[in-house]
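K.L.:
I have a structure here, written as structure tokens, and I will follow up with some questions on it.
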Amino acid sequence: MTDGFKGLRVYNTLTRAREDFVPFDADNVRMYVCGPTVYDYAHIGNARPAIVFDVLFRLLRHLYGADHVTYVRNITDVDDKINARARRDYPALPLNEAIRAVTEKTADQYHADVAALGCLTPTIEPRATEFVLPRTDGLTDMASLIQSLIDRGHAYEAKGEILFDTESMPTYGGLSRRKLEDQQAGARVAVEAHKKNPADFVLWKASSLEEPGWDAQFTIAGAPLAIRGRPGWHIECSAMSAAYLGEVFDIHGGGLDLIFPHHENEIAQSCCAHGTDRMARYWMHNGFLQVEGRKMSKSEGNFITIHELLATEKFGGRSWSGEVLRLAMLMTHYREPIDFSVRKLEEAEAVLDGWYRAVGDLAVDGGDCATVLAALCDDLGTTGAIAVLHELRGEAAKGNEAARAALKAGAGLLGLLPSTESDWFAAKASGADIDTGAVDALVEERLRHLREKNFAEADRLRDELTAQNIQLMDYKDPETGDRRTRWEVKR
């Protein structure tokens, strides 16, 4: 193991403590994050882990080098509802191809959504369907992993299911810290009461003639056993993480809701199949999300997708830019619960307006900001980093060029301020159906009247622009001292 400590400390859910992050190999820092189930469009709760672990990805790339970090985020396209829709809509296609046809649109929409949120593309993004059965390239697959669990005495067959035997693992429950006798395992598919222990969970479930399935071959007690069926929920992440990151890797991330049963069962499967004492060395989880103070649900009427926030007026009577959504998420520390609200989005947009005015049209220089970096190295302290950016904005507004450059660079570590002031405000105007050329002409005409001391006409033009929700901001050119005017759409 290469000692690659770069000053980063993270809260490890496994130990319930902050720890120095030391990767197994500083030349290949490895991270796995549970991705979306592409049955439907991703909701705003799905945006939080995408943004949080994108910041971590960016930070690791900054600390260790872009070519020395491997980030795997899976796509879950094995799901009973997806399978049923695939069989119904594309009965003539092989199952994997039918599932691809069913999920292609939602997967593409997810990619578009997280790109709009400013998230980098993961190094590898495997689909669960590609890892159900043994592969020709020898990468770890679900069926082979299940067979390893059978061979090692950690799995058994009952009524067409292969189940994980939780009593075979003395350390089961170590992540969630639940006692075995108090646990009832969750699964994607319904489980009947035929298990050795209530906490035992499905690895493979048989499919009926009416249900889609994959033809898997197993061997139990020396006898071959063919089961046409589908995998349980948890086995996919154990297979795909091992395929690309190895039996033990550095960081596993996801939402707090995944600690039990999903991540607990991932650890059980992976450790017992590989004979290791751990799956990932650091487990990181983001907190829960509410919408306007209530748990998000369709029954509450506050269920909203990322796409709806970006492209419709469903939330707050208007659409929101991905950068606003990103900053709103980062204004709360990733481990804390967040109340996602219109007010929070308005606050985030106002902050970005101020930051963009401060940096102007300064180009991205790939620089650094030591104080922002230090805040992020303290368990992804985005709130501390944002406080630093506020201070830099104040100094930049006074004409401090070093602060201006540091603001741009520091925001870049968070995936913010990728644009310029001109492009930011032009995009806002475009999104509000504003004729930017006409506004520019009126602004220039007003400036001409001011130079000619025709204040009545200048005021009339200001009132005309105000009626169009255009806010004017006069300032002095720092080089010539001449009056200049910026404008933006007032929300």
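So you can find residues: chains in the structure tokens are A, B, ... in the order shown, residues in each start at 1, and ligands are numbered from 1 in order.
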Taking only residues of region 92-133 of chain A that have an atom at most 9 Å from an atom of region 290-311 of chain A, what is each one's shortest atom pair and its distance in Å to one decimal, using only C-alpha atoms, in chain and number order, as JSON lines?

P.N.:
```
{"residue": "A:Gln109", "atom": "CA", "partner": "A:His307", "partner_atom": "CA", "distance": 7.8}
{"residue": "A:Tyr110", "atom": "CA", "partner": "A:His307", "partner_atom": "CA", "distance": 8.5}
{"residue": "A:Ala112", "atom": "CA", "partner": "A:His307", "partner_atom": "CA", "distance": 8.7}
{"residue": "A:Asp113", "atom": "CA", "partner": "A:His307", "partner_atom": "CA", "distance": 6.2}
{"residue": "A:Val114", "atom": "CA", "partner": "A:Ile306", "partner_atom": "CA", "distance": 8.4}
{"residue": "A:Ala116", "atom": "CA", "partner": "A:Leu310", "partner_atom": "CA", "distance": 8.2}
```

K.L.:
Suppose we keep N, CA and C atoms; can you now write the selection as a PDB file, in the first residue's frame?

P.N.:
```pdb
ATOM      1  N   GLN A 109     -31.814  10.666 -19.948  1.00  0.00           N
ATOM      2  CA  GLN A 109     -32.289  11.835 -19.216  1.00  0.00           C
ATOM      3  C   GLN A 109     -31.492  12.030 -17.932  1.00  0.00           C
ATOM      4  N   TYR A 110     -31.164  10.927 -17.255  1.00  0.00           N
ATOM      5  CA  TYR A 110     -30.351  11.040 -16.046  1.00  0.00           C
ATOM      6  C   TYR A 110     -29.002  11.664 -16.361  1.00  0.00           C
ATOM      7  N   ALA A 112     -28.251  13.640 -18.832  1.00  0.00           N
ATOM      8  CA  ALA A 112     -28.452  15.053 -19.143  1.00  0.00           C
ATOM      9  C   ALA A 112     -28.687  15.862 -17.869  1.00  0.00           C
ATOM     10  N   ASP A 113     -29.462  15.283 -16.947  1.00  0.00           N
ATOM     11  CA  ASP A 113     -29.768  15.991 -15.705  1.00  0.00           C
ATOM     12  C   ASP A 113     -28.511  16.232 -14.872  1.00  0.00           C
ATOM     13  N   VAL A 114     -27.717  15.184 -14.649  1.00  0.00           N
ATOM     14  CA  VAL A 114     -26.545  15.358 -13.784  1.00  0.00           C
ATOM     15  C   VAL A 114     -25.470  16.194 -14.474  1.00  0.00           C
ATOM     16  N   ALA A 116     -26.232  18.773 -16.316  1.00  0.00           N
ATOM     17  CA  ALA A 116     -26.724  20.127 -16.055  1.00  0.00           C
ATOM     18  C   ALA A 116     -26.411  20.559 -14.630  1.00  0.00           C
TER      19      ALA A 116
END
```

K.L.:
Between CA of Leu139 (chain A) and CA of Glu236 (chain A), what is the distance, to one decimal in Å?

P.N.:
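For CA of Leu139 (chain A) relative to CA of Glu236 (chain A), the distance reads 12.8 Å.
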
K.L.:
Just checking: using only C-alpha atoms, which residue out of A:Glu104, A:Asp277, A:Glu444, A:Glu349 ends up closest to Thr171 (chain A)?

P.N.:
A:Asp277

K.L.:
Give me the residues near Arg393 (chain A) as a list in words, where near means some atom within 7 Å (using only C-alpha atoms) and where sequence neighbours in that chain fewer than 5 positions away do not count.

P.N.:
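Everything that qualifies: Trp355, Ala358 and Leu407 of chain A.
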
K.L.:
So, with only C-alpha atoms as the atoms that count, which of A:Leu472, A:Val22, A:Ala411, A:Ala405 lies closest to Val388 (chain A)?

P.N.:
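Of the candidates, the smallest distance to Val388 (chain A) is held by A:Ala411.
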
K.L.:
Please identify every residue of region 381-407 of chain A that has at least one atom no farther than 12 Å from an atom of region 54-71 of chain A, counting only C-alpha atoms, and for each give the shortest atom pair and the distance in Å to one decimal, arranged by chain then increasing number, as a tab-separated table.

P.N.:
```
residue	atom	partner	partner_atom	distance
A:Gly381	CA	A:Val55	CA	10.4
A:Thr382	CA	A:Val55	CA	9.0
A:Ala385	CA	A:Val55	CA	11.8
```

K.L.:
Those residues you just picked out, can you put them in a file as a short mmCIF file (atom, residue, chain, number, x, y, z; two decimals), in the first residue's frame with all heavy atoms?

P.N.:
```cif
data_model
loop_
_atom_site.label_atom_id
_atom_site.label_comp_id
_atom_site.auth_asym_id
_atom_site.auth_seq_id
_atom_site.Cartn_x
_atom_site.Cartn_y
_atom_site.Cartn_z
N GLY A 381 -16.09 19.76 3.67
CA GLY A 381 -16.71 20.89 4.35
C GLY A 381 -17.14 21.98 3.37
O GLY A 381 -16.54 23.05 3.32
N THR A 382 -18.20 21.70 2.63
CA THR A 382 -18.64 22.67 1.62
C THR A 382 -19.16 23.96 2.25
O THR A 382 -19.03 25.04 1.66
CB THR A 382 -19.74 22.07 0.72
OG1 THR A 382 -20.83 21.62 1.53
CG2 THR A 382 -19.19 20.88 -0.07
N ALA A 385 -16.20 25.99 2.92
CA ALA A 385 -15.65 26.47 1.64
C ALA A 385 -16.47 27.64 1.11
O ALA A 385 -15.91 28.62 0.60
CB ALA A 385 -15.63 25.32 0.63
#
```

K.L.:
Give me the residues near Asp108 (chain A) as a list in words, where near means some atom within 12 Å (using only C-alpha atoms) and where sequence neighbours in that chain fewer than 6 positions away do not count.

P.N.:
Pro36, Val38, Tyr39, Asp40, Tyr41, Ala42, Ile75, Arg100, Ala101, Val102, Val114, Ala115 and His307 of chain A

K.L.:
Create the file for the chosen residues now, containing N, CA, C and O atoms and written as an mmCIF file, in the first residue's frame.

P.N.:
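The file below, selection-v7.cif, is the result:
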```
data_model
loop_
_atom_site.group_PDB
_atom_site.id
_atom_site.type_symbol
_atom_site.label_atom_id
_atom_site.label_comp_id
_atom_site.auth_asym_id
_atom_site.auth_seq_id
_atom_site.Cartn_x
_atom_site.Cartn_y
_atom_site.Cartn_z
ATOM 1 N N PRO A 36 -28.413 5.386 -10.149
ATOM 2 C CA PRO A 36 -29.875 5.428 -10.227
ATOM 3 C C PRO A 36 -30.486 4.121 -10.721
ATOM 4 O O PRO A 36 -29.852 3.352 -11.440
ATOM 5 N N VAL A 38 -33.097 3.159 -13.320
ATOM 6 C CA VAL A 38 -33.584 3.929 -14.461
ATOM 7 C C VAL A 38 -34.973 3.478 -14.908
ATOM 8 O O VAL A 38 -35.248 3.333 -16.101
ATOM 9 N N TYR A 39 -35.859 3.284 -13.935
ATOM 10 C CA TYR A 39 -37.249 2.969 -14.243
ATOM 11 C C TYR A 39 -38.002 4.237 -14.627
ATOM 12 O O TYR A 39 -38.895 4.229 -15.463
ATOM 13 N N ASP A 40 -37.618 5.343 -14.001
ATOM 14 C CA ASP A 40 -38.291 6.619 -14.252
ATOM 15 C C ASP A 40 -37.271 7.734 -14.083
ATOM 16 O O ASP A 40 -36.115 7.496 -13.697
ATOM 17 N N TYR A 41 -37.689 8.965 -14.351
ATOM 18 C CA TYR A 41 -36.775 10.103 -14.222
ATOM 19 C C TYR A 41 -36.293 10.244 -12.782
ATOM 20 O O TYR A 41 -37.034 9.987 -11.820
ATOM 21 N N ALA A 42 -35.049 10.665 -12.624
ATOM 22 C CA ALA A 42 -34.455 10.830 -11.304
ATOM 23 C C ALA A 42 -35.082 12.016 -10.584
ATOM 24 O O ALA A 42 -35.298 13.079 -11.173
ATOM 25 N N ILE A 75 -25.466 1.821 -13.030
ATOM 26 C CA ILE A 75 -26.850 2.049 -13.433
ATOM 27 C C ILE A 75 -27.621 0.772 -13.131
ATOM 28 O O ILE A 75 -27.277 -0.302 -13.620
ATOM 29 N N ARG A 100 -32.706 -2.614 -22.379
ATOM 30 C CA ARG A 100 -32.004 -1.431 -22.898
ATOM 31 C C ARG A 100 -32.980 -0.521 -23.640
ATOM 32 O O ARG A 100 -32.936 0.707 -23.487
ATOM 33 N N ALA A 101 -33.868 -1.109 -24.418
ATOM 34 C CA ALA A 101 -34.846 -0.307 -25.157
ATOM 35 C C ALA A 101 -35.790 0.423 -24.205
ATOM 36 O O ALA A 101 -36.173 1.577 -24.446
ATOM 37 N N VAL A 102 -36.158 -0.234 -23.111
ATOM 38 C CA VAL A 102 -37.080 0.368 -22.144
ATOM 39 C C VAL A 102 -36.398 1.487 -21.350
ATOM 40 O O VAL A 102 -37.021 2.520 -21.054
ATOM 41 N N VAL A 114 -27.717 15.184 -14.649
ATOM 42 C CA VAL A 114 -26.545 15.358 -13.784
ATOM 43 C C VAL A 114 -25.470 16.194 -14.474
ATOM 44 O O VAL A 114 -24.683 16.882 -13.808
ATOM 45 N N ALA A 115 -25.433 16.165 -15.800
ATOM 46 C CA ALA A 115 -24.512 17.055 -16.512
ATOM 47 C C ALA A 115 -24.921 18.507 -16.293
ATOM 48 O O ALA A 115 -24.072 19.389 -16.080
ATOM 49 N N HIS A 307 -35.382 16.917 -13.801
ATOM 50 C CA HIS A 307 -35.783 17.480 -15.093
ATOM 51 C C HIS A 307 -36.865 18.540 -14.928
ATOM 52 O O HIS A 307 -36.832 19.586 -15.595
#
```

K.L.:
Which of these residues is nearest to Gly317 (chain A), using only C-alpha atoms: A:Ala426, A:Val342, A:Met329, A:Val443?

P.N.:
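Between A:Ala426, A:Val342, A:Met329, A:Val443, the residue approaching Gly317 (chain A) most closely is A:Val342.
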